[in-house]
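Quick look at coords22.csv (CSV, C-alpha atoms):
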```
chain,number,residue,atom,x,y,z
A,1248,MET,CA,12.6,-6.8,9.5
A,1249,LYS,CA,15.2,-9.1,8.0
A,1250,ARG,CA,18.7,-7.7,7.4
A,1251,LYS,CA,18.5,-8.7,3.8
A,1252,LEU,CA,15.8,-6.1,3.2
A,1253,MET,CA,18.5,-3.4,3.3
A,1254,GLU,CA,19.5,-4.5,-0.1
A,1255,ILE,CA,16.6,-2.8,-1.7
A,1256,LEU,CA,15.6,-0.1,0.9
A,1257,ALA,CA,15.9,3.5,-0.2
A,1258,CYS,CA,15.1,6.8,1.4
A,1259,PRO,CA,11.5,7.7,0.5
A,1260,ILE,CA,12.5,11.3,0.3
A,1261,ASP,CA,15.7,11.5,-1.8
A,1262,LYS,CA,15.7,7.9,-3.0
A,1263,HIS,CA,19.2,7.4,-1.7
A,1264,HIS,CA,20.5,3.8,-1.5
A,1265,PRO,CA,22.1,2.1,0.4
A,1266,LEU,CA,20.9,3.2,3.8
A,1267,GLU,CA,22.6,2.6,7.1
A,1268,LEU,CA,21.2,0.1,9.6
A,1269,HIS,CA,21.6,0.3,13.4
A,1270,VAL,CA,20.2,-2.7,15.2
A,1271,PHE,CA,19.1,-2.2,18.8
A,1272,GLU,CA,17.2,-5.5,19.4
A,1273,GLU,CA,17.3,-8.6,17.3
A,1274,LYS,CA,15.6,-12.0,17.6
A,1275,ASP,CA,14.8,-14.0,14.5
A,1276,GLU,CA,14.3,-10.6,12.9
A,1277,ILE,CA,15.3,-7.0,13.8
A,1278,VAL,CA,12.8,-6.0,16.4
A,1279,GLU,CA,14.0,-2.4,17.1
A,1280,GLY,CA,16.5,-0.4,15.2
A,1281,LEU,CA,17.2,2.7,13.1
A,1282,ILE,CA,17.5,3.2,9.4
A,1283,VAL,CA,19.5,6.3,8.4
A,1284,CYS,CA,19.8,8.0,5.1
A,1285,PRO,CA,23.4,9.3,5.1
A,1286,LYS,CA,22.5,11.8,2.4
A,1287,CYS,CA,19.7,13.8,4.0
A,1288,LEU,CA,20.2,12.6,7.6
A,1289,ARG,CA,16.6,11.4,7.9
A,1290,TRP,CA,16.1,8.5,10.3
A,1291,TYR,CA,13.4,5.9,10.2
A,1292,PRO,CA,12.5,3.7,13.2
A,1293,ILE,CA,12.2,0.0,13.0
A,1294,ARG,CA,9.6,-0.7,15.7
A,1295,ASP,CA,8.0,-4.0,16.5
A,1296,GLU,CA,9.9,-5.5,13.5
A,1297,ILE,CA,8.4,-3.1,11.0
A,1298,PRO,CA,10.5,-0.5,9.2
A,1299,GLU,CA,8.5,2.8,9.2
A,1300,MET,CA,9.6,4.6,6.1
A,1301,LEU,CA,7.0,7.4,6.0
A,1302,PRO,CA,7.6,10.8,4.5
A,1303,ASP,CA,7.8,13.7,7.0
A,1304,GLU,CA,4.3,14.9,6.7
A,1305,LEU,CA,2.9,11.6,7.9
A,1306,ARG,CA,5.2,11.4,11.0
A,1307,LYS,CA,4.5,12.8,14.4
A,1308,ASP,CA,7.2,14.1,16.8
A,1309,THR,CA,5.1,12.9,19.7
A,1310,GLU,CA,5.4,9.3,18.4
A,1311,ASP,CA,9.0,9.4,17.0
A,1312,LEU,CA,10.9,11.4,19.6
A,1313,PRO,CA,10.3,9.0,22.5
A,1314,PHE,CA,11.8,6.3,20.3
A,1315,LEU,CA,14.9,8.4,19.7
A,1316,LYS,CA,15.1,9.2,23.4
A,1317,LYS,CA,14.9,5.5,24.3
A,1318,TRP,CA,17.9,4.7,22.1
A,1319,ARG,CA,19.8,7.9,22.3
A,1320,ASP,CA,22.9,6.1,23.7
A,1321,LYS,CA,23.0,3.6,20.9
A,1322,ALA,CA,21.9,5.8,18.0
A,1323,PRO,CA,24.6,7.7,16.1
A,1324,LYS,CA,25.2,11.1,17.8
A,1325,LYS,CA,24.7,13.0,14.6
A,1326,ILE,CA,21.2,11.6,14.2
A,1327,VAL,CA,20.3,12.2,17.8
A,1328,THR,CA,21.2,15.9,17.6
A,1329,GLU,CA,20.8,16.7,13.9
A,1330,GLY,CA,18.6,14.0,12.4
A,1331,LYS,CA,15.6,14.8,10.3
A,1332,PRO,CA,12.7,15.3,10.6
A,1333,PHE,CA,13.0,15.4,14.4
A,1334,SER,CA,16.0,15.4,16.7
A,1335,LEU,CA,16.8,15.9,20.4
A,1336,LYS,CA,18.6,19.0,21.4
A,1337,ALA,CA,22.0,18.4,22.8
B,32,MET,CA,-9.9,18.6,-0.9
B,33,LYS,CA,-6.3,19.2,0.0
B,34,GLU,CA,-3.9,16.2,-0.8
B,35,GLU,CA,-2.7,16.1,2.8
B,36,LYS,CA,-6.1,16.0,4.2
B,37,VAL,CA,-7.2,13.2,1.8
B,38,ARG,CA,-4.2,11.1,2.8
B,39,LYS,CA,-4.8,11.5,6.5
B,40,ILE,CA,-8.5,10.6,6.1
B,41,VAL,CA,-7.7,7.6,4.1
B,42,ARG,CA,-5.1,6.4,6.7
B,43,LYS,CA,-7.5,6.9,9.5
B,44,GLY,CA,-10.4,5.2,7.7
B,45,TYR,CA,-8.4,2.1,6.8
B,46,GLY,CA,-6.9,2.0,10.3
B,47,LYS,CA,-10.4,1.6,11.6
B,48,ILE,CA,-11.2,-1.1,9.1
B,49,ALA,CA,-8.1,-3.0,10.1
B,50,LYS,CA,-9.1,-2.9,13.8
B,51,ALA,CA,-12.7,-3.8,13.2
B,52,GLU,CA,-13.6,-7.4,14.0
B,53,LYS,CA,-15.5,-7.7,10.8
B,54,SER,CA,-14.3,-6.7,7.4
B,55,SER,CA,-15.6,-3.5,6.1
B,56,CYS,CA,-16.3,-2.2,2.7
B,57,CYS,CA,-14.2,-0.9,-0.1
B,58,CYS,CA,-15.0,-2.4,-3.5
B,59,GLY,CA,-16.8,-5.4,-2.1
B,60,CYS,CA,-19.0,-6.1,0.8
B,61,GLY,CA,-21.4,-8.7,2.1
B,62,SER,CA,-20.2,-12.2,2.6
B,63,MET,CA,-16.4,-12.1,2.4
B,64,GLU,CA,-15.5,-15.3,0.5
B,65,ASN,CA,-18.4,-14.8,-1.7
B,66,ILE,CA,-17.4,-11.4,-2.9
B,67,SER,CA,-13.7,-12.3,-3.1
B,68,GLU,CA,-14.7,-15.1,-5.4
B,69,GLN,CA,-16.7,-12.8,-7.5
B,70,VAL,CA,-13.7,-10.5,-8.0
B,71,GLY,CA,-11.5,-13.3,-9.2
B,72,TYR,CA,-9.9,-15.3,-6.3
B,73,SER,CA,-10.4,-19.0,-6.4
B,74,LYS,CA,-11.6,-21.0,-3.4
B,75,GLU,CA,-8.3,-22.8,-3.3
B,76,GLU,CA,-6.4,-19.5,-3.2
B,77,LEU,CA,-8.6,-18.2,-0.4
B,78,ASN,CA,-8.2,-21.3,1.6
B,79,SER,CA,-4.4,-21.3,1.2
B,80,VAL,CA,-3.8,-18.0,3.2
B,81,PRO,CA,-4.5,-17.0,6.8
B,82,GLU,CA,-8.1,-16.2,7.3
B,83,ASP,CA,-7.5,-12.7,8.4
B,84,ALA,CA,-5.5,-11.8,5.3
B,85,ASN,CA,-8.6,-11.3,3.2
B,86,LEU,CA,-10.2,-8.1,4.4
B,87,ASN,CA,-12.2,-8.1,1.3
B,88,LEU,CA,-11.1,-4.6,0.3
B,89,GLY,CA,-9.8,-5.3,-3.2
B,90,CYS,CA,-11.5,-5.2,-6.5
B,91,GLY,CA,-9.7,-8.0,-8.3
B,92,ASN,CA,-6.9,-10.5,-8.1
B,93,PRO,CA,-3.7,-9.1,-9.6
B,94,VAL,CA,-1.8,-12.2,-8.7
B,95,ALA,CA,-3.7,-14.3,-11.0
B,96,LEU,CA,-2.7,-12.1,-13.9
B,97,ALA,CA,0.7,-11.2,-12.7
B,98,SER,CA,2.3,-14.3,-14.2
B,99,LEU,CA,4.8,-14.3,-11.4
B,100,LYS,CA,7.9,-16.5,-11.8
B,101,GLU,CA,10.1,-18.2,-9.3
B,102,GLY,CA,12.7,-15.9,-7.8
B,103,GLU,CA,11.1,-12.6,-8.7
B,104,ILE,CA,11.0,-9.6,-6.5
B,105,VAL,CA,7.4,-8.3,-6.1
B,106,ILE,CA,6.2,-5.1,-4.5
B,107,ASP,CA,2.6,-4.8,-3.5
B,108,LEU,CA,1.4,-1.2,-3.3
B,109,GLY,CA,-1.2,-0.9,-0.4
B,110,SER,CA,-0.8,-4.4,0.9
B,111,GLY,CA,-3.6,-4.2,3.4
B,112,GLY,CA,-4.2,-7.5,5.2
B,113,GLY,CA,-1.6,-9.1,3.0
B,114,LEU,CA,-3.7,-11.5,0.9
B,115,ASP,CA,-2.0,-10.7,-2.4
B,116,CYS,CA,1.4,-10.7,-0.8
B,117,PHE,CA,0.8,-14.2,0.5
B,118,LEU,CA,-0.5,-15.5,-2.8
B,119,ALA,CA,2.4,-13.9,-4.6
B,120,ALA,CA,4.9,-15.4,-2.0
B,121,LYS,CA,3.8,-18.9,-3.0
B,122,LYS,CA,4.5,-18.2,-6.6
B,123,VAL,CA,7.9,-16.6,-6.3
B,124,GLY,CA,9.1,-19.2,-3.8
B,125,ASN,CA,12.0,-19.0,-1.4
B,126,LYS,CA,14.4,-17.4,-3.9
B,127,GLY,CA,11.9,-14.6,-4.5
B,128,LYS,CA,10.7,-11.9,-2.3
B,129,VAL,CA,7.5,-10.0,-1.7
B,130,ILE,CA,7.4,-6.6,-0.1
B,131,GLY,CA,4.1,-5.1,1.0
B,132,VAL,CA,3.9,-1.4,1.5
B,133,ASP,CA,1.1,0.2,3.3
B,134,MET,CA,0.7,3.5,5.0
B,135,THR,CA,-1.6,2.3,7.8
B,136,SER,CA,0.1,0.8,10.7
B,137,GLU,CA,-3.0,-1.1,11.9
B,138,MET,CA,-3.1,-2.8,8.5
B,139,LEU,CA,0.6,-3.8,8.8
B,140,ASP,CA,0.0,-5.2,12.2
B,141,LYS,CA,-2.6,-7.4,10.8
B,142,ALA,CA,-0.6,-8.4,7.8
B,143,ARG,CA,2.4,-9.3,10.0
B,144,ALA,CA,0.3,-11.4,12.3
B,145,ASN,CA,-0.9,-13.2,9.3
B,146,ALA,CA,2.6,-13.7,8.0
B,147,ARG,CA,3.6,-15.3,11.2
B,148,ARG,CA,0.6,-17.6,11.3
B,149,GLY,CA,1.1,-18.6,7.7
B,150,LYS,CA,4.9,-19.0,8.3
B,151,TYR,CA,5.9,-17.0,5.2
B,152,ALA,CA,9.6,-16.4,5.2
B,153,ASN,CA,9.7,-14.5,1.9
B,154,VAL,CA,7.2,-11.7,2.7
B,155,GLU,CA,8.2,-8.4,4.4
B,156,PHE,CA,5.9,-5.5,5.2
B,157,ARG,CA,6.8,-2.0,5.8
B,158,LEU,CA,5.1,1.2,6.6
B,159,GLY,CA,5.4,3.6,3.7
B,160,GLU,CA,3.6,5.7,1.2
B,161,ILE,CA,3.1,4.7,-2.3
B,162,GLU,CA,3.8,8.2,-3.5
B,163,ASN,CA,7.2,8.0,-1.8
B,164,LEU,CA,8.3,4.4,-2.0
B,165,PRO,CA,11.1,3.4,0.3
B,166,VAL,CA,12.6,1.2,-2.4
B,167,ALA,CA,15.8,1.6,-4.4
B,168,ASP,CA,15.7,2.3,-8.2
B,169,ASN,CA,15.5,-0.6,-10.6
B,170,THR,CA,14.9,-3.3,-8.0
B,171,ALA,CA,11.5,-4.9,-8.6
B,172,ASP,CA,10.5,-7.4,-11.2
B,173,VAL,CA,6.8,-6.8,-10.7
B,174,ILE,CA,4.6,-4.3,-9.1
B,175,ILE,CA,1.2,-5.4,-8.1
B,176,SER,CA,-1.6,-3.4,-6.5
B,177,ASN,CA,-5.1,-4.2,-5.9
B,178,CYS,CA,-7.7,-1.5,-5.7
B,179,VAL,CA,-5.4,1.0,-3.9
B,180,ILE,CA,-4.1,3.6,-6.4
B,181,ASN,CA,-7.6,5.0,-6.8
B,182,LEU,CA,-7.3,6.2,-3.2
B,183,SER,CA,-4.2,8.3,-3.9
B,184,PRO,CA,-4.7,12.0,-4.4
B,185,ASN,CA,-1.5,12.1,-6.5
B,186,LYS,CA,-1.8,9.2,-9.0
B,187,PRO,CA,0.9,10.5,-11.5
B,188,ARG,CA,3.4,10.4,-8.6
B,189,VAL,CA,2.4,6.8,-7.8
B,190,PHE,CA,3.0,5.7,-11.3
B,191,ALA,CA,6.3,7.6,-11.5
B,192,GLU,CA,7.4,5.9,-8.3
B,193,ALA,CA,6.4,2.5,-9.6
B,194,PHE,CA,8.3,3.2,-12.8
B,195,ARG,CA,11.4,4.2,-10.8
B,196,VAL,CA,11.6,1.1,-8.7
B,197,LEU,CA,10.9,-1.4,-11.5
B,198,LYS,CA,13.8,-3.0,-13.3
B,199,PRO,CA,14.0,-2.4,-17.0
B,200,ASN,CA,11.5,-4.8,-18.5
B,201,GLY,CA,9.7,-4.9,-15.2
B,202,ARG,CA,6.0,-5.3,-15.2
B,203,LEU,CA,3.2,-3.2,-13.7
B,204,MET,CA,0.3,-5.5,-13.0
B,205,ILE,CA,-2.5,-3.7,-11.3
B,206,SER,CA,-6.2,-4.0,-10.7
B,207,ASP,CA,-8.1,-0.8,-9.7
B,208,MET,CA,-11.4,0.8,-9.7
B,209,VAL,CA,-12.1,3.3,-12.5
B,210,LEU,CA,-15.2,5.1,-13.7
B,211,LEU,CA,-17.0,5.0,-17.0
B,212,LYS,CA,-18.7,8.3,-16.2
B,213,GLU,CA,-18.2,11.2,-13.9
B,214,ILE,CA,-19.5,11.0,-10.3
B,215,PRO,CA,-21.3,14.0,-9.0
B,216,GLN,CA,-19.3,16.6,-6.9
B,217,ALA,CA,-21.4,16.0,-3.8
B,218,ILE,CA,-20.2,12.4,-3.7
B,219,MET,CA,-16.7,13.3,-4.8
B,220,ARG,CA,-16.4,15.6,-1.9
B,221,ASN,CA,-17.6,13.2,0.7
B,222,VAL,CA,-14.9,11.7,2.7
B,223,ALA,CA,-16.7,8.5,3.6
B,224,ALA,CA,-17.2,7.8,-0.1
B,225,TYR,CA,-13.5,8.3,-0.6
B,226,ILE,CA,-12.7,5.4,1.8
B,227,GLY,CA,-15.2,3.4,-0.2
B,228,CYS,CA,-13.0,3.9,-3.3
B,229,VAL,CA,-15.5,5.3,-5.6
B,230,ALA,CA,-14.9,9.0,-5.2
B,231,GLY,CA,-11.1,8.8,-5.7
B,232,ALA,CA,-11.4,6.8,-8.9
B,233,GLU,CA,-10.4,8.3,-12.2
B,234,LYS,CA,-12.1,8.0,-15.5
B,235,LYS,CA,-10.8,4.9,-17.3
B,236,ASN,CA,-9.1,6.8,-20.2
B,237,THR,CA,-7.5,9.3,-17.8
B,238,TYR,CA,-6.2,6.4,-15.7
B,239,LEU,CA,-4.6,4.6,-18.7
B,240,ASN,CA,-3.1,7.9,-19.9
B,241,LEU,CA,-1.5,8.5,-16.5
B,242,ILE,CA,0.3,5.1,-16.8
B,243,LYS,CA,1.6,6.0,-20.2
B,244,GLN,CA,2.7,9.4,-19.1
B,245,ALA,CA,4.8,7.8,-16.4
B,246,GLY,CA,6.8,6.2,-19.2
B,247,PHE,CA,5.2,2.7,-19.3
B,248,GLN,CA,4.8,0.9,-22.6
B,249,ASN,CA,2.5,-1.9,-23.8
B,250,VAL,CA,-0.3,-0.5,-21.5
B,251,GLN,CA,-2.9,-3.2,-21.9
B,252,VAL,CA,-6.4,-3.6,-20.4
B,253,ILE,CA,-6.6,-7.3,-19.5
B,254,GLU,CA,-10.0,-7.3,-18.1
B,255,GLU,CA,-12.9,-5.1,-17.1
B,256,THR,CA,-15.5,-6.3,-14.7
B,257,GLN,CA,-18.6,-4.8,-13.3
B,258,LEU,CA,-18.4,-4.6,-9.5
B,259,PRO,CA,-21.0,-6.5,-7.5
B,260,TYR,CA,-22.7,-3.3,-6.7
B,261,GLU,CA,-26.0,-4.8,-5.4
B,262,ALA,CA,-24.0,-6.1,-2.5
B,263,LEU,CA,-22.3,-2.8,-2.1
B,264,VAL,CA,-25.4,-0.7,-1.8
B,265,SER,CA,-27.1,-3.1,0.6
B,266,ASP,CA,-24.1,-3.0,2.9
B,267,GLU,CA,-24.5,-1.2,6.3
B,268,THR,CA,-21.6,1.2,5.8
B,269,ALA,CA,-22.7,2.1,2.3
B,270,GLN,CA,-26.3,2.7,3.4
B,271,GLN,CA,-25.0,5.0,6.1
B,272,ILE,CA,-23.1,7.0,3.5
B,273,MET,CA,-26.1,7.1,1.2
B,274,LYS,CA,-28.3,8.3,4.0
B,275,GLU,CA,-25.9,11.1,4.9
B,276,LEU,CA,-25.8,12.2,1.3
B,277,LYS,CA,-29.5,11.7,0.7
B,278,VAL,CA,-28.8,9.4,-2.2
B,279,THR,CA,-31.6,7.0,-3.1
B,280,LYS,CA,-30.9,3.3,-3.6
B,281,ALA,CA,-31.6,3.6,-7.3
B,282,LYS,CA,-29.2,6.5,-7.7
B,283,ALA,CA,-26.5,4.7,-5.7
B,284,ALA,CA,-26.9,1.6,-8.0
B,285,GLU,CA,-26.5,3.9,-11.0
B,286,LEU,CA,-23.3,5.5,-9.5
B,287,PHE,CA,-21.7,2.2,-8.4
B,288,GLY,CA,-22.7,0.7,-11.7
B,289,SER,CA,-20.5,3.2,-13.5
B,290,ALA,CA,-17.5,2.0,-11.5
B,291,ILE,CA,-15.7,-0.9,-12.9
B,292,SER,CA,-12.7,-3.0,-11.8
B,293,LEU,CA,-9.9,-2.7,-14.4
B,294,LYS,CA,-7.0,-5.0,-14.7
B,295,VAL,CA,-4.1,-3.4,-16.5
B,296,SER,CA,-0.6,-4.5,-17.4
B,297,ALA,CA,2.3,-2.3,-18.6
B,298,VAL,CA,6.0,-2.7,-19.0
B,299,LYS,CA,8.9,-0.4,-18.2
B,300,PRO,CA,10.9,-0.2,-21.4
B,301,LYS,CA,14.5,-1.4,-21.5
B,302,ASN,CA,16.0,2.0,-22.2
```
What would you get if you wrote out this structure as structure tokens?
Amino acid sequence: MKRKLMEILACPIDKHHPLELHVFEEKDEIVEGLIVCPKCLRWYPIRDEIPEMLPDELRKDTEDLPFLKKWRDKAPKKIVTEGKPFSLKA
Amino acid sequence: MKEEKVRKIVRKGYGKIAKAEKSSCCCGCGSMENISEQVGYSKEELNSVPEDANLNLGCGNPVALASLKEGEIVIDLGSGGGLDCFLAAKKVGNKGKVIGVDMTSEMLDKARANARRGKYANVEFRLGEIENLPVADNTADVIISNCVINLSPNKPRVFAEAFRVLKPNGRLMISDMVLLKEIPQAIMRNVAAYIGCVAGAEKKNTYLNLIKQAGFQNVQVIEETQLPYEALVSDETAQQIMKELKVTKAKAAELFGSAISLKVSAVKPKN
């Protein structure tokens, strides 16, 4: 994902814009990172350069929690413990 | 069928299609280039994009009718292998931007690989649902979609979302499959038929009304084309479906014959 895309990204749930971007790995494009909706605290992974902006019912904790675990030191604390739809217990 | 279930099945079905070596069947089957030409892509257009981008799942070429201008922001609902995104990218140029949204990660992988191969700098793909677009209000100049909305179990929501993300005066330029007459319940209920587009399709008038109800104006039918259904019914996948449902070839031809590809344009009013 290119950084410029943030200009038009909104939360698919509450349509909030702008969203926060946390970059974990970047080459030509952002390879891994986190997009956070500051309003509803939902977080969306950027994996393999693709922002995954799916609504809750299409997400799986078994796929998303390992991602959060992997980046728990770099992700905002609030998201790690209180993020939606999944979070890691403190 | 419950909305959730429909969504999951569609995701799964298209995920499989994306992974398959050979293109499978939605609104067109048989020889890929051949069918793509029949639904409105020119040979030049097909030659200008990465080979894999054309999975042959669409029912018409919205780009040809989208009258895209340089610098415009375009969103493709259900971008699949990325064919329309790549064609759109050429038209909007480096100052413009094309964003493909698809809910199937396997499709996105394919599209992204194609973007790399074709060196498209102004195309981005993201995993998302067309009923819940991850796009800010009033940002797009044009929304395109090619034979995708018929798969949605909540079409009013799709049009409402398209309306929301378009700028005032923004255009909806879509091509989709609609029906001229009802399809029997037995087929409607069948999941495999859903993936093949037909069962999810609305009647034409209902479809146009849904666009109007979302707030769009100047809702215009630009073109109606009969789908190449002879190719459809002789396809392996289609024959499997027909066999499961005990549908004769003649009956299938009649059913597919009532499905047409509709090209529609509409505008989001200024106020």
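We find atom CA of Val250 of chain B and atom CA of His1263 of chain A to be spaced 28.9 Å apart.
Residue nearest Leu158 of chain B, chosen from A:Leu1288, A:Met1300, A:Leu1252, A:Ile1277 and counting only C-alpha atoms: A:Met1300.
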**Request:** Identify the residues around (-3.9, 6.9, 6.6) within a radius of 12 Å, measuring from all atoms listed in the file in the coordinates stated by the file, and give them as a PyMOL selection string.
**Result:** (chain A and resi 1301+1304-1306) or (chain B and resi 34-49+109+111+133-139+158-161+182-183+226)
**Fill in**
Pairwise distance, atom CA of Val179 of chain B with atom CA of Ile104 of chain B, equals 19.7 Å
If you take only C-alpha atoms and a cut-off of 10 Å, which residues of chain A touch chain B, and what are their nearest atom pairs and distances in Å to one decimal, in chain and number order, as a Markdown table?
```
| residue | atom | partner | partner_atom | distance |
| --- | --- | --- | --- | --- |
| A:Met1248 | CA | B:Glu155 | CA | 6.9 |
| A:Lys1249 | CA | B:Glu155 | CA | 7.9 |
| A:Leu1252 | CA | B:Glu155 | CA | 8.0 |
| A:Met1253 | CA | B:Val166 | CA | 9.4 |
| A:Glu1254 | CA | B:Ala167 | CA | 8.3 |
| A:Ile1255 | CA | B:Ala167 | CA | 5.2 |
| A:Leu1256 | CA | B:Val166 | CA | 4.6 |
| A:Ala1257 | CA | B:Val166 | CA | 4.6 |
| A:Cys1258 | CA | B:Pro165 | CA | 5.4 |
| A:Pro1259 | CA | B:Pro165 | CA | 4.3 |
| A:Ile1260 | CA | B:Asn163 | CA | 6.6 |
| A:Asp1261 | CA | B:Asn163 | CA | 9.2 |
| A:Lys1262 | CA | B:Ala167 | CA | 6.5 |
| A:His1263 | CA | B:Ala167 | CA | 7.2 |
| A:His1264 | CA | B:Ala167 | CA | 5.9 |
| A:Pro1265 | CA | B:Ala167 | CA | 7.9 |
| A:Leu1266 | CA | B:Ala167 | CA | 9.8 |
| A:Ile1293 | CA | B:Arg157 | CA | 9.2 |
| A:Asp1295 | CA | B:Asp140 | CA | 9.2 |
| A:Glu1296 | CA | B:Arg157 | CA | 9.0 |
| A:Ile1297 | CA | B:Arg157 | CA | 5.6 |
| A:Pro1298 | CA | B:Arg157 | CA | 5.2 |
| A:Glu1299 | CA | B:Leu158 | CA | 4.6 |
| A:Met1300 | CA | B:Gly159 | CA | 4.9 |
| A:Leu1301 | CA | B:Gly159 | CA | 4.7 |
| A:Pro1302 | CA | B:Asn163 | CA | 6.9 |
| A:Glu1304 | CA | B:Glu35 | CA | 8.1 |
| A:Leu1305 | CA | B:Lys39 | CA | 7.8 |
```
Given the selection you just returned, output its residues as a file containing C-alpha atoms, formatted as a short mmCIF file (atom, residue, chain, number, x, y, z; two decimals), in the frame of the given file.
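This went into out-v4.cif:
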```
data_model
loop_
_atom_site.label_atom_id
_atom_site.label_comp_id
_atom_site.auth_asym_id
_atom_site.auth_seq_id
_atom_site.Cartn_x
_atom_site.Cartn_y
_atom_site.Cartn_z
CA MET A 1248 12.60 -6.80 9.50
CA LYS A 1249 15.20 -9.10 8.00
CA LEU A 1252 15.80 -6.10 3.20
CA MET A 1253 18.50 -3.40 3.30
CA GLU A 1254 19.50 -4.50 -0.10
CA ILE A 1255 16.60 -2.80 -1.70
CA LEU A 1256 15.60 -0.10 0.90
CA ALA A 1257 15.90 3.50 -0.20
CA CYS A 1258 15.10 6.80 1.40
CA PRO A 1259 11.50 7.70 0.50
CA ILE A 1260 12.50 11.30 0.30
CA ASP A 1261 15.70 11.50 -1.80
CA LYS A 1262 15.70 7.90 -3.00
CA HIS A 1263 19.20 7.40 -1.70
CA HIS A 1264 20.50 3.80 -1.50
CA PRO A 1265 22.10 2.10 0.40
CA LEU A 1266 20.90 3.20 3.80
CA ILE A 1293 12.20 0.00 13.00
CA ASP A 1295 8.00 -4.00 16.50
CA GLU A 1296 9.90 -5.50 13.50
CA ILE A 1297 8.40 -3.10 11.00
CA PRO A 1298 10.50 -0.50 9.20
CA GLU A 1299 8.50 2.80 9.20
CA MET A 1300 9.60 4.60 6.10
CA LEU A 1301 7.00 7.40 6.00
CA PRO A 1302 7.60 10.80 4.50
CA GLU A 1304 4.30 14.90 6.70
CA LEU A 1305 2.90 11.60 7.90
#
```
**Asked** What does the distance between atom CA of Lys299 of chain B and atom CA of Ile205 of chain B come to in Å, to one decimal place?
**Response**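 The value is 13.7 Å.
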**Prompt:** Which protein, DNA or RNA residues have an atom at most 6 Å from (-8.1, 6.0, -12.0), counting only C-alpha atoms? List them as a PyMOL selection string.
**Reply:** chain B and resi 181+209+232-234+238
**Message:** Which residues are near Glu1310 of chain A? Cut-off 12 Å, all atoms listed in the file, ignore same chain within fewer than 3 positions. Put them as a list in words.
**Reply:** Tyr1291, Pro1292, Arg1294, Glu1299, Leu1305, Arg1306, Lys1307, Pro1313, Phe1314, Leu1315, Lys1316, Lys1317 and Phe1333 of chain A
Segment 1323-1328 of chain A environment, 12 Å, all atoms listed in the file, sequence neighbours closer than 4 positions dropped, as a tab-separated table (two decimals) with C-alpha atoms, keeping the file's coordinate frame:
```
chain	number	residue	atom	x	y	z
A	1267	GLU	CA	22.60	2.60	7.10
A	1268	LEU	CA	21.20	0.10	9.60
A	1269	HIS	CA	21.60	0.30	13.40
A	1270	VAL	CA	20.20	-2.70	15.20
A	1271	PHE	CA	19.10	-2.20	18.80
A	1280	GLY	CA	16.50	-0.40	15.20
A	1281	LEU	CA	17.20	2.70	13.10
A	1282	ILE	CA	17.50	3.20	9.40
A	1283	VAL	CA	19.50	6.30	8.40
A	1284	CYS	CA	19.80	8.00	5.10
A	1285	PRO	CA	23.40	9.30	5.10
A	1286	LYS	CA	22.50	11.80	2.40
A	1287	CYS	CA	19.70	13.80	4.00
A	1288	LEU	CA	20.20	12.60	7.60
A	1289	ARG	CA	16.60	11.40	7.90
A	1290	TRP	CA	16.10	8.50	10.30
A	1291	TYR	CA	13.40	5.90	10.20
A	1292	PRO	CA	12.50	3.70	13.20
A	1311	ASP	CA	9.00	9.40	17.00
A	1312	LEU	CA	10.90	11.40	19.60
A	1313	PRO	CA	10.30	9.00	22.50
A	1314	PHE	CA	11.80	6.30	20.30
A	1315	LEU	CA	14.90	8.40	19.70
A	1316	LYS	CA	15.10	9.20	23.40
A	1317	LYS	CA	14.90	5.50	24.30
A	1318	TRP	CA	17.90	4.70	22.10
A	1319	ARG	CA	19.80	7.90	22.30
A	1332	PRO	CA	12.70	15.30	10.60
A	1333	PHE	CA	13.00	15.40	14.40
A	1334	SER	CA	16.00	15.40	16.70
A	1335	LEU	CA	16.80	15.90	20.40
A	1336	LYS	CA	18.60	19.00	21.40
A	1337	ALA	CA	22.00	18.40	22.80
```
